[in-house]
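Here the structure is laid out as structure tokens; the discussion comes afterwards.
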Amino acid sequence: MLDFGYIEEYNSKRGFGFVSTTFQNKELFQKGTFFHITKIKRKYPDLAQNLDNGVYENICFWYETDKKDDKEQVCQMWLNTNDIPTQYKEFITNNIEELWLNLSRITPQLLEQITIDLLGLDRTEELKQTRENLKLQKEEAEQQKQKNNLSRRELRAKFIRERTQRKLKEVYLGLPIHLADRVLWVARRTRTNPLSHIPGGSDVVVEYHDGSVFGYDWIKLPSVYIYTIFCNAMGYEFKHLGEKSQVEIARDKITKIFAREYNNQDERSNVPFEEVWNSTSSKDSPWKSLKRFDHKSR
């Protein structure tokens with residue numbers, strides 16, 4: 001394996017040291033690649049003398065490795081690029097260009113210096129520009145992906161909104177807009193009248209002055225049902241009061257009453273509510289107005 005690096009450590013007493021790696025996985029070569037002084041003395045005796053004197057800062061070289069005792073170590077080295085055999089230069093060039101074009105790997109600190117030394121300044125600038133272009137393309141692709149994901153989320157949100165609006169329109173068709181999200185539908189399990197558990201009949205929505213809004217569905221006799229609820233809420237004495245007094249109490253508590261009549265659930269979604277009683281304009285009691293609604297619906 002061919003590589004390039006700086007001498008990181010050298011033991012002059014024992015004659016060995018470690019050189020950094022440029023192309024290899026640094027996690028596997030944390031300490032560097034092993035070399036022995038004998039490899040240097042043969043080709044570069046002056047360098048060997050400096051190492052033995054403890055001088056090895058800023059010394060770098062190209063080197064080839066082989067395995068001995070299952071450990072990578074330097075078997076050949078070249079101080080200058082021109083000294084590298086021609087058959088090795090093509091391999092090194094491919095490695096260098098691959099590093100420049102591979103965005104998934106961090107560019108080694110020495111890469112620019114190595115590229116200039118081996119391929120020249122012009123080719124180095126070309127590779128740098130190509131890498132920047134690839135970065136921009138990757139960023140644009142990621143931005144487009146985010147936009148697409150956002151678009152899908154927006155489309156889903158729009159679909160949910162439209163579906164909710166359709167459902168609201170079906171359930172609250174004809175009601176004032178401000179009531180659409182305020183109606184509390186009274187659960188059927190709390191209702192004791194067996195008729196309230198049979199589909200069909202009427203929906204009745206009662207808006208109170210205190211801001212509460214209650215809805216009742218599948219009501220068979222709205223006038224009787226609402227009167228019974230109001231009597232239970234007001235207490236036993238209420239039903240013994242005169243009609244005028246009952247109307248005054250009802251006006252004091254209730255704002256408006258809305259109702260609609262239908263035969264089945266499919267029909268329900270197309271039948272709008274209508275205002276049956278209004279505390280400011282209706283002269284009769286709410287239950288009388290609902291009774292007229294009962295007769296009209298039938």
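Simple scheme: letters A, B, ... for chains in structure tokens order, numbers from 1 for residues in each chain, numbers from 1 for ligands in the order shown.
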Residues within 12 Å of Pro85 in chain A, please, as a short mmCIF file (atom, residue, chain, number, x, y, z; two decimals) with C-alpha atoms, in the first residue's frame. Count only C-alpha atoms; anything in the same chain fewer than 5 positions from it doesn't count.
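Wrote result_25.cif, looks like this:
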data_model
loop_
_atom_site.label_atom_id
_atom_site.label_comp_id
_atom_site.auth_asym_id
_atom_site.auth_seq_id
_atom_site.Cartn_x
_atom_site.Cartn_y
_atom_site.Cartn_z
CA LEU A 2 1.31 3.46 -0.95
CA TRP A 62 6.12 8.84 0.44
CA TYR A 63 6.25 5.23 1.45
CA GLU A 64 5.13 1.72 0.59
CA GLN A 76 10.19 1.48 0.82
CA MET A 77 10.31 5.28 1.05
CA TRP A 78 10.88 8.32 -1.19
CA ASN A 80 10.76 13.45 -3.34
CA GLU A 90 -0.70 6.16 -11.54
CA PHE A 91 -1.96 4.36 -8.44
CA ILE A 92 -1.21 7.36 -6.24
#
A:Tyr56, A:Lys43, A:Thr22, A:Arg123: which is nearest Glu9 in chain A, counting only C-alpha atoms?
A:Tyr56
Find the residues around Tyr216 in chain A up to 8 Å (only C-alpha atoms counted), leave out those fewer than 4 positions away in its own chain, and share them as a PDB file with N, CA, C and O atoms, in the first residue's frame.
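result_13.pdb written:
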ATOM      1  N   TRP A 185     -71.309  17.289  22.093  1.00  0.00           N
ATOM      2  CA  TRP A 185     -72.386  16.338  21.850  1.00  0.00           C
ATOM      3  C   TRP A 185     -72.532  15.412  23.064  1.00  0.00           C
ATOM      4  O   TRP A 185     -71.576  14.789  23.498  1.00  0.00           O
ATOM      5  N   VAL A 186     -73.720  15.358  23.591  1.00  0.00           N
ATOM      6  CA  VAL A 186     -73.988  14.539  24.775  1.00  0.00           C
ATOM      7  C   VAL A 186     -73.976  13.065  24.371  1.00  0.00           C
ATOM      8  O   VAL A 186     -74.686  12.652  23.445  1.00  0.00           O
ATOM      9  N   ASP A 203     -81.558  16.368  15.262  1.00  0.00           N
ATOM     10  CA  ASP A 203     -80.432  16.891  16.027  1.00  0.00           C
ATOM     11  C   ASP A 203     -80.862  18.235  16.591  1.00  0.00           C
ATOM     12  O   ASP A 203     -81.475  19.049  15.881  1.00  0.00           O
ATOM     13  N   VAL A 204     -80.530  18.464  17.842  1.00  0.00           N
ATOM     14  CA  VAL A 204     -80.855  19.743  18.471  1.00  0.00           C
ATOM     15  C   VAL A 204     -79.589  20.294  19.109  1.00  0.00           C
ATOM     16  O   VAL A 204     -78.885  19.579  19.833  1.00  0.00           O
ATOM     17  N   VAL A 205     -79.284  21.561  18.830  1.00  0.00           N
ATOM     18  CA  VAL A 205     -78.130  22.244  19.423  1.00  0.00           C
ATOM     19  C   VAL A 205     -78.637  23.421  20.230  1.00  0.00           C
ATOM     20  O   VAL A 205     -79.366  24.274  19.713  1.00  0.00           O
TER      21      VAL A 205
END
Using only C-alpha atoms, determine which residues lie at most 9 Å from Trp100 in chain A, disregarding the query and same-chain residues fewer than 2 positions distant; provide the list as a compact mmCIF listing (two decimals) with all heavy atoms, in the first residue's frame.
# COMPACT_ATOMS: atom_id res chain seq x y z
N ASN A 95 -5.71 7.49 -6.29
CA ASN A 95 -6.08 7.65 -4.88
C ASN A 95 -6.35 9.11 -4.54
O ASN A 95 -7.32 9.44 -3.84
CB ASN A 95 -4.97 7.11 -3.98
CG ASN A 95 -5.19 5.65 -3.62
OD1 ASN A 95 -6.20 5.06 -3.98
ND2 ASN A 95 -4.23 5.06 -2.93
N ILE A 96 -5.47 9.98 -5.03
CA ILE A 96 -5.61 11.41 -4.73
C ILE A 96 -6.90 11.97 -5.33
O ILE A 96 -7.67 12.67 -4.66
CB ILE A 96 -4.38 12.18 -5.27
CG1 ILE A 96 -3.16 11.87 -4.40
CG2 ILE A 96 -4.65 13.68 -5.28
CD1 ILE A 96 -1.88 12.46 -4.93
N GLU A 97 -7.16 11.64 -6.60
CA GLU A 97 -8.36 12.16 -7.25
C GLU A 97 -9.63 11.60 -6.61
O GLU A 97 -10.64 12.29 -6.49
CB GLU A 97 -8.30 11.85 -8.75
CG GLU A 97 -7.20 12.61 -9.46
CD GLU A 97 -7.22 12.41 -10.96
OE1 GLU A 97 -7.89 11.46 -11.42
OE2 GLU A 97 -6.56 13.20 -11.67
N GLU A 98 -9.56 10.34 -6.19
CA GLU A 98 -10.71 9.74 -5.51
C GLU A 98 -11.02 10.47 -4.20
O GLU A 98 -12.18 10.70 -3.86
CB GLU A 98 -10.43 8.26 -5.22
CG GLU A 98 -11.61 7.56 -4.54
CD GLU A 98 -11.29 6.11 -4.20
OE1 GLU A 98 -10.36 5.55 -4.81
OE2 GLU A 98 -11.96 5.57 -3.31
N ASN A 102 -14.61 12.30 -3.38
CA ASN A 102 -15.43 11.54 -2.43
C ASN A 102 -15.85 12.44 -1.28
O ASN A 102 -15.08 12.68 -0.34
CB ASN A 102 -14.65 10.32 -1.92
CG ASN A 102 -15.53 9.41 -1.09
OD1 ASN A 102 -16.67 9.73 -0.76
ND2 ASN A 102 -15.00 8.24 -0.77
N LEU A 103 -17.10 12.96 -1.33
CA LEU A 103 -17.56 13.90 -0.32
C LEU A 103 -17.84 13.23 1.02
O LEU A 103 -17.97 13.90 2.05
CB LEU A 103 -18.84 14.62 -0.79
CG LEU A 103 -18.70 15.45 -2.06
CD1 LEU A 103 -20.02 16.12 -2.39
CD2 LEU A 103 -17.61 16.50 -1.91
N ARG A 105 -15.83 11.39 2.57
CA ARG A 105 -14.60 11.36 3.36
C ARG A 105 -14.07 12.77 3.56
O ARG A 105 -14.15 13.61 2.67
CB ARG A 105 -13.53 10.51 2.65
CG ARG A 105 -13.85 9.04 2.59
CD ARG A 105 -12.68 8.25 2.06
NE ARG A 105 -11.49 8.37 2.90
CZ ARG A 105 -10.34 7.75 2.64
NH1 ARG A 105 -10.23 6.98 1.57
NH2 ARG A 105 -9.30 7.90 3.44
N THR A 107 -11.45 15.61 3.65
CA THR A 107 -10.21 15.80 2.90
C THR A 107 -9.02 15.88 3.85
O THR A 107 -9.01 16.71 4.76
CB THR A 107 -10.28 17.11 2.09
OG1 THR A 107 -11.47 17.12 1.31
CG2 THR A 107 -9.08 17.25 1.18
N LEU A 111 -3.63 16.91 1.70
CA LEU A 111 -4.01 16.53 0.33
C LEU A 111 -3.63 17.60 -0.69
O LEU A 111 -3.14 17.27 -1.77
CB LEU A 111 -5.51 16.24 0.28
CG LEU A 111 -6.02 15.71 -1.07
CD1 LEU A 111 -5.31 14.42 -1.43
CD2 LEU A 111 -7.53 15.47 -1.01
N LEU A 127 -9.34 20.07 -9.38
CA LEU A 127 -9.93 19.12 -8.43
C LEU A 127 -10.65 19.85 -7.29
O LEU A 127 -11.73 19.42 -6.85
CB LEU A 127 -8.86 18.20 -7.87
CG LEU A 127 -8.29 17.17 -8.86
CD1 LEU A 127 -7.04 16.50 -8.29
CD2 LEU A 127 -9.35 16.12 -9.20
N LYS A 128 -10.07 20.95 -6.83
CA LYS A 128 -10.71 21.74 -5.77
C LYS A 128 -12.05 22.29 -6.25
O LYS A 128 -13.05 22.24 -5.54
CB LYS A 128 -9.79 22.90 -5.34
CG LYS A 128 -8.62 22.47 -4.48
CD LYS A 128 -7.64 23.62 -4.25
CE LYS A 128 -8.26 24.70 -3.39
NZ LYS A 128 -7.26 25.78 -3.11
N THR A 130 -13.90 21.12 -8.73
CA THR A 130 -14.83 20.00 -8.93
C THR A 130 -15.46 19.59 -7.61
O THR A 130 -16.67 19.32 -7.52
CB THR A 130 -14.10 18.80 -9.56
OG1 THR A 130 -13.53 19.20 -10.81
CG2 THR A 130 -15.07 17.64 -9.79
N ARG A 131 -14.65 19.54 -6.55
CA ARG A 131 -15.17 19.17 -5.22
C ARG A 131 -16.20 20.19 -4.74
O ARG A 131 -17.25 19.81 -4.19
CB ARG A 131 -14.02 19.05 -4.22
CG ARG A 131 -14.47 18.58 -2.84
CD ARG A 131 -13.27 18.44 -1.91
NE ARG A 131 -13.70 18.03 -0.57
CZ ARG A 131 -13.87 16.78 -0.18
NH1 ARG A 131 -13.66 15.79 -1.03
NH2 ARG A 131 -14.27 16.50 1.05
Can you tell me, as a ChimeraX atom specification, which residues in range 124-227 of chain A count as strand (DSSP E or B) by DSSP?
/A:183-185,201-208,213-219
Alpha helix (DSSP H) per DSSP on the backbone: members of range 94-289 of chain A, as a VMD selection string:
chain A and resid 94 to 101 111 to 119 121 to 172 222 to 234 243 to 253 265 to 268 286 to 289
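Across the model, the gap from CA of Leu221 in chain A to CA of His178 in chain A is 26.6 Å.
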Give me the residues within 12 Å of Lys239 in chain A as a JSON list (two decimals) with all heavy atoms, in the first residue's frame, counting only C-alpha atoms and dropping any in the same chain fewer than 4 places off.
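File produced: result04.json:
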[["chain", "number", "residue", "atom", "x", "y", "z"],
["A", 227, "TYR", "N", -87.46, 20.20, 26.86],
["A", 227, "TYR", "CA", -88.21, 20.68, 28.04],
["A", 227, "TYR", "C", -87.83, 19.86, 29.28],
["A", 227, "TYR", "O", -87.62, 20.40, 30.36],
["A", 227, "TYR", "CB", -89.72, 20.57, 27.78],
["A", 227, "TYR", "CG", -90.56, 21.02, 28.95],
["A", 227, "TYR", "CD1", -90.61, 22.36, 29.33],
["A", 227, "TYR", "CD2", -91.30, 20.09, 29.68],
["A", 227, "TYR", "CE1", -91.38, 22.76, 30.42],
["A", 227, "TYR", "CE2", -92.08, 20.48, 30.78],
["A", 227, "TYR", "CZ", -92.11, 21.82, 31.13],
["A", 227, "TYR", "OH", -92.86, 22.23, 32.22],
["A", 228, "THR", "N", -87.72, 18.55, 29.11],
["A", 228, "THR", "CA", -87.36, 17.67, 30.22],
["A", 228, "THR", "C", -85.95, 17.99, 30.74],
["A", 228, "THR", "O", -85.73, 18.06, 31.96],
["A", 228, "THR", "CB", -87.41, 16.19, 29.78],
["A", 228, "THR", "OG1", -88.74, 15.90, 29.31],
["A", 228, "THR", "CG2", -87.07, 15.27, 30.93],
["A", 229, "ILE", "N", -85.03, 18.19, 29.82],
["A", 229, "ILE", "CA", -83.66, 18.54, 30.22],
["A", 229, "ILE", "C", -83.65, 19.84, 31.00],
["A", 229, "ILE", "O", -82.99, 19.97, 32.05],
["A", 229, "ILE", "CB", -82.74, 18.64, 28.98],
["A", 229, "ILE", "CG1", -82.48, 17.25, 28.40],
["A", 229, "ILE", "CG2", -81.42, 19.31, 29.33],
["A", 229, "ILE", "CD1", -81.70, 17.26, 27.11],
["A", 230, "PHE", "N", -84.39, 20.85, 30.51],
["A", 230, "PHE", "CA", -84.39, 22.17, 31.15],
["A", 230, "PHE", "C", -85.05, 22.10, 32.53],
["A", 230, "PHE", "O", -84.57, 22.71, 33.48],
["A", 230, "PHE", "CB", -85.11, 23.19, 30.25],
["A", 230, "PHE", "CG", -84.70, 24.61, 30.53],
["A", 230, "PHE", "CD1", -83.47, 25.09, 30.13],
["A", 230, "PHE", "CD2", -85.55, 25.47, 31.22],
["A", 230, "PHE", "CE1", -83.08, 26.39, 30.39],
["A", 230, "PHE", "CE2", -85.18, 26.77, 31.49],
["A", 230, "PHE", "CZ", -83.93, 27.23, 31.07],
["A", 231, "CYS", "N", -86.12, 21.34, 32.63],
["A", 231, "CYS", "CA", -86.79, 21.17, 33.93],
["A", 231, "CYS", "C", -85.87, 20.52, 34.95],
["A", 231, "CYS", "O", -85.80, 20.95, 36.11],
["A", 231, "CYS", "CB", -88.06, 20.32, 33.77],
["A", 231, "CYS", "SG", -89.44, 21.20, 33.01],
["A", 232, "ASN", "N", -85.15, 19.50, 34.50],
["A", 232, "ASN", "CA", -84.22, 18.82, 35.40],
["A", 232, "ASN", "C", -83.10, 19.75, 35.86],
["A", 232, "ASN", "O", -82.65, 19.68, 37.01],
["A", 232, "ASN", "CB", -83.62, 17.59, 34.72],
["A", 232, "ASN", "CG", -84.65, 16.49, 34.51],
["A", 232, "ASN", "OD1", -85.67, 16.44, 35.21],
["A", 232, "ASN", "ND2", -84.40, 15.61, 33.54],
["A", 233, "ALA", "N", -82.69, 20.65, 34.96],
["A", 233, "ALA", "CA", -81.61, 21.57, 35.29],
["A", 233, "ALA", "C", -82.08, 22.67, 36.24],
["A", 233, "ALA", "O", -81.34, 23.10, 37.12],
["A", 233, "ALA", "CB", -81.04, 22.18, 34.01],
["A", 234, "MET", "N", -83.34, 23.11, 36.05],
["A", 234, "MET", "CA", -83.86, 24.22, 36.86],
["A", 234, "MET", "C", -84.44, 23.78, 38.20],
["A", 234, "MET", "O", -84.62, 24.58, 39.11],
["A", 234, "MET", "CB", -84.95, 24.96, 36.07],
["A", 234, "MET", "CG", -84.43, 25.71, 34.82],
["A", 234, "MET", "SD", -83.25, 27.02, 35.22],
["A", 234, "MET", "CE", -81.69, 26.22, 34.87],
["A", 235, "GLY", "N", -84.77, 22.52, 38.31],
["A", 235, "GLY", "CA", -85.32, 22.03, 39.56],
["A", 235, "GLY", "C", -86.83, 21.77, 39.48],
["A", 235, "GLY", "O", -87.51, 22.14, 38.52],
["A", 243, "GLU", "N", -96.31, 29.93, 32.11],
["A", 243, "GLU", "CA", -95.56, 29.96, 30.85],
["A", 243, "GLU", "C", -94.71, 31.22, 30.73],
["A", 243, "GLU", "O", -93.56, 31.17, 30.27],
["A", 243, "GLU", "CB", -96.52, 29.87, 29.66],
["A", 243, "GLU", "CG", -95.79, 29.83, 28.32],
["A", 243, "GLU", "CD", -96.72, 29.70, 27.14],
["A", 243, "GLU", "OE1", -97.94, 29.54, 27.34],
["A", 243, "GLU", "OE2", -96.23, 29.75, 26.00],
["A", 244, "LYS", "N", -95.25, 32.37, 31.14],
["A", 244, "LYS", "CA", -94.51, 33.62, 31.03],
["A", 244, "LYS", "C", -93.22, 33.56, 31.85],
["A", 244, "LYS", "O", -92.15, 33.98, 31.39],
["A", 244, "LYS", "CB", -95.39, 34.77, 31.50],
["A", 244, "LYS", "CG", -94.75, 36.14, 31.30],
["A", 244, "LYS", "CD", -95.71, 37.25, 31.71],
["A", 244, "LYS", "CE", -95.07, 38.62, 31.51],
["A", 244, "LYS", "NZ", -95.98, 39.72, 31.91],
["A", 245, "SER", "N", -93.32, 33.03, 33.07],
["A", 245, "SER", "CA", -92.14, 32.91, 33.93],
["A", 245, "SER", "C", -91.12, 31.93, 33.34],
["A", 245, "SER", "O", -89.90, 32.16, 33.39],
["A", 245, "SER", "CB", -92.56, 32.45, 35.33],
["A", 245, "SER", "OG", -93.40, 33.39, 35.95],
["A", 246, "GLN", "N", -91.63, 30.85, 32.77],
["A", 246, "GLN", "CA", -90.72, 29.87, 32.16],
["A", 246, "GLN", "C", -89.98, 30.50, 30.98],
["A", 246, "GLN", "O", -88.77, 30.26, 30.81],
["A", 246, "GLN", "CB", -91.51, 28.65, 31.69],
["A", 246, "GLN", "CG", -92.01, 27.76, 32.83],
["A", 246, "GLN", "CD", -92.67, 26.49, 32.31],
["A", 246, "GLN", "OE1", -92.96, 26.37, 31.12],
["A", 246, "GLN", "NE2", -92.92, 25.54, 33.21],
["A", 247, "VAL", "N", -90.69, 31.30, 30.18],
["A", 247, "VAL", "CA", -90.05, 31.95, 29.03],
["A", 247, "VAL", "C", -88.97, 32.92, 29.51],
["A", 247, "VAL", "O", -87.88, 32.99, 28.93],
["A", 247, "VAL", "CB", -91.10, 32.68, 28.17],
["A", 247, "VAL", "CG1", -90.42, 33.54, 27.10],
["A", 247, "VAL", "CG2", -92.04, 31.69, 27.51],
["A", 249, "ILE", "N", -87.20, 32.80, 32.27],
["A", 249, "ILE", "CA", -86.04, 32.02, 32.75],
["A", 249, "ILE", "C", -85.27, 31.43, 31.56],
["A", 249, "ILE", "O", -84.03, 31.45, 31.54],
["A", 249, "ILE", "CB", -86.50, 30.89, 33.69],
["A", 249, "ILE", "CG1", -87.09, 31.50, 34.98],
["A", 249, "ILE", "CG2", -85.34, 29.96, 34.02],
["A", 249, "ILE", "CD1", -87.71, 30.48, 35.91]]
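For the residues A:Leu184, A:Leu241, A:Leu51, A:Val74, ranking by smallest atom-to-atom distance to Phe214 in chain A using only C-alpha atoms places A:Leu184 first.
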Please identify all polymer residues within 9 Å of Gly200 in chain A, counting only C-alpha atoms, omitting same-chain residues fewer than 5 positions from it, and present them as a PyMOL selection string.
chain A and resi 217-220+261-265+268
Pick out the residues sitting within 9 Å of Ala250 in chain A, and hand them over as a list of chain:residue names; count only C-alpha atoms, and ignore anything fewer than 6 positions along from it in its own chain.
A:Phe230, A:Ser279, A:Ser285, A:Pro286
Export all heavy atoms of the chosen residues as a PDB file, in the first residue's frame?
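Result file part_23.pdb:
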ATOM      1  N   PHE A 230     -84.394  20.849  30.505  1.00  0.00           N
ATOM      2  CA  PHE A 230     -84.392  22.167  31.149  1.00  0.00           C
ATOM      3  C   PHE A 230     -85.047  22.102  32.530  1.00  0.00           C
ATOM      4  O   PHE A 230     -84.572  22.714  33.484  1.00  0.00           O
ATOM      5  CB  PHE A 230     -85.106  23.187  30.253  1.00  0.00           C
ATOM      6  CG  PHE A 230     -84.698  24.608  30.533  1.00  0.00           C
ATOM      7  CD1 PHE A 230     -83.467  25.087  30.125  1.00  0.00           C
ATOM      8  CD2 PHE A 230     -85.549  25.466  31.221  1.00  0.00           C
ATOM      9  CE1 PHE A 230     -83.084  26.389  30.390  1.00  0.00           C
ATOM     10  CE2 PHE A 230     -85.177  26.773  31.491  1.00  0.00           C
ATOM     11  CZ  PHE A 230     -83.931  27.231  31.075  1.00  0.00           C
ATOM     12  N   SER A 279     -83.575  33.988  21.822  1.00  0.00           N
ATOM     13  CA  SER A 279     -83.960  34.655  23.068  1.00  0.00           C
ATOM     14  C   SER A 279     -84.343  36.121  22.870  1.00  0.00           C
ATOM     15  O   SER A 279     -85.062  36.694  23.684  1.00  0.00           O
ATOM     16  CB  SER A 279     -82.815  34.574  24.085  1.00  0.00           C
ATOM     17  OG  SER A 279     -81.652  35.222  23.579  1.00  0.00           O
ATOM     18  N   SER A 285     -92.104  29.963  24.229  1.00  0.00           N
ATOM     19  CA  SER A 285     -91.069  29.208  24.934  1.00  0.00           C
ATOM     20  C   SER A 285     -90.290  28.357  23.934  1.00  0.00           C
ATOM     21  O   SER A 285     -90.797  28.048  22.838  1.00  0.00           O
ATOM     22  CB  SER A 285     -91.695  28.310  26.000  1.00  0.00           C
ATOM     23  OG  SER A 285     -92.499  27.315  25.375  1.00  0.00           O
ATOM     24  N   PRO A 286     -89.070  27.955  24.284  1.00  0.00           N
ATOM     25  CA  PRO A 286     -88.286  27.104  23.378  1.00  0.00           C
ATOM     26  C   PRO A 286     -89.013  25.819  23.009  1.00  0.00           C
ATOM     27  O   PRO A 286     -88.950  25.370  21.856  1.00  0.00           O
ATOM     28  CB  PRO A 286     -87.021  26.813  24.181  1.00  0.00           C
ATOM     29  CG  PRO A 286     -86.906  27.945  25.133  1.00  0.00           C
ATOM     30  CD  PRO A 286     -88.305  28.310  25.495  1.00  0.00           C
TER      31      PRO A 286
END
How many Å separate CA of Glu207 in chain A from CA of Arg188 in chain A?
19.2 Å
Could you jot down the CA of Gly211 in chain A to CA of Arg191 in chain A separation for me, Å, one decimal place?
22.9 Å
A:Ile106, A:Ser12, A:Ile198, A:Leu134 ranked by distance to Asn53 in chain A, top pick (using only C-alpha atoms)
A:Ser12
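Each of A:Tyr225, A:Phe4, A:Tyr172, A:Tyr88 was compared to Gln24 in chain A using only C-alpha atoms, and A:Phe4 turns out to be the nearest.
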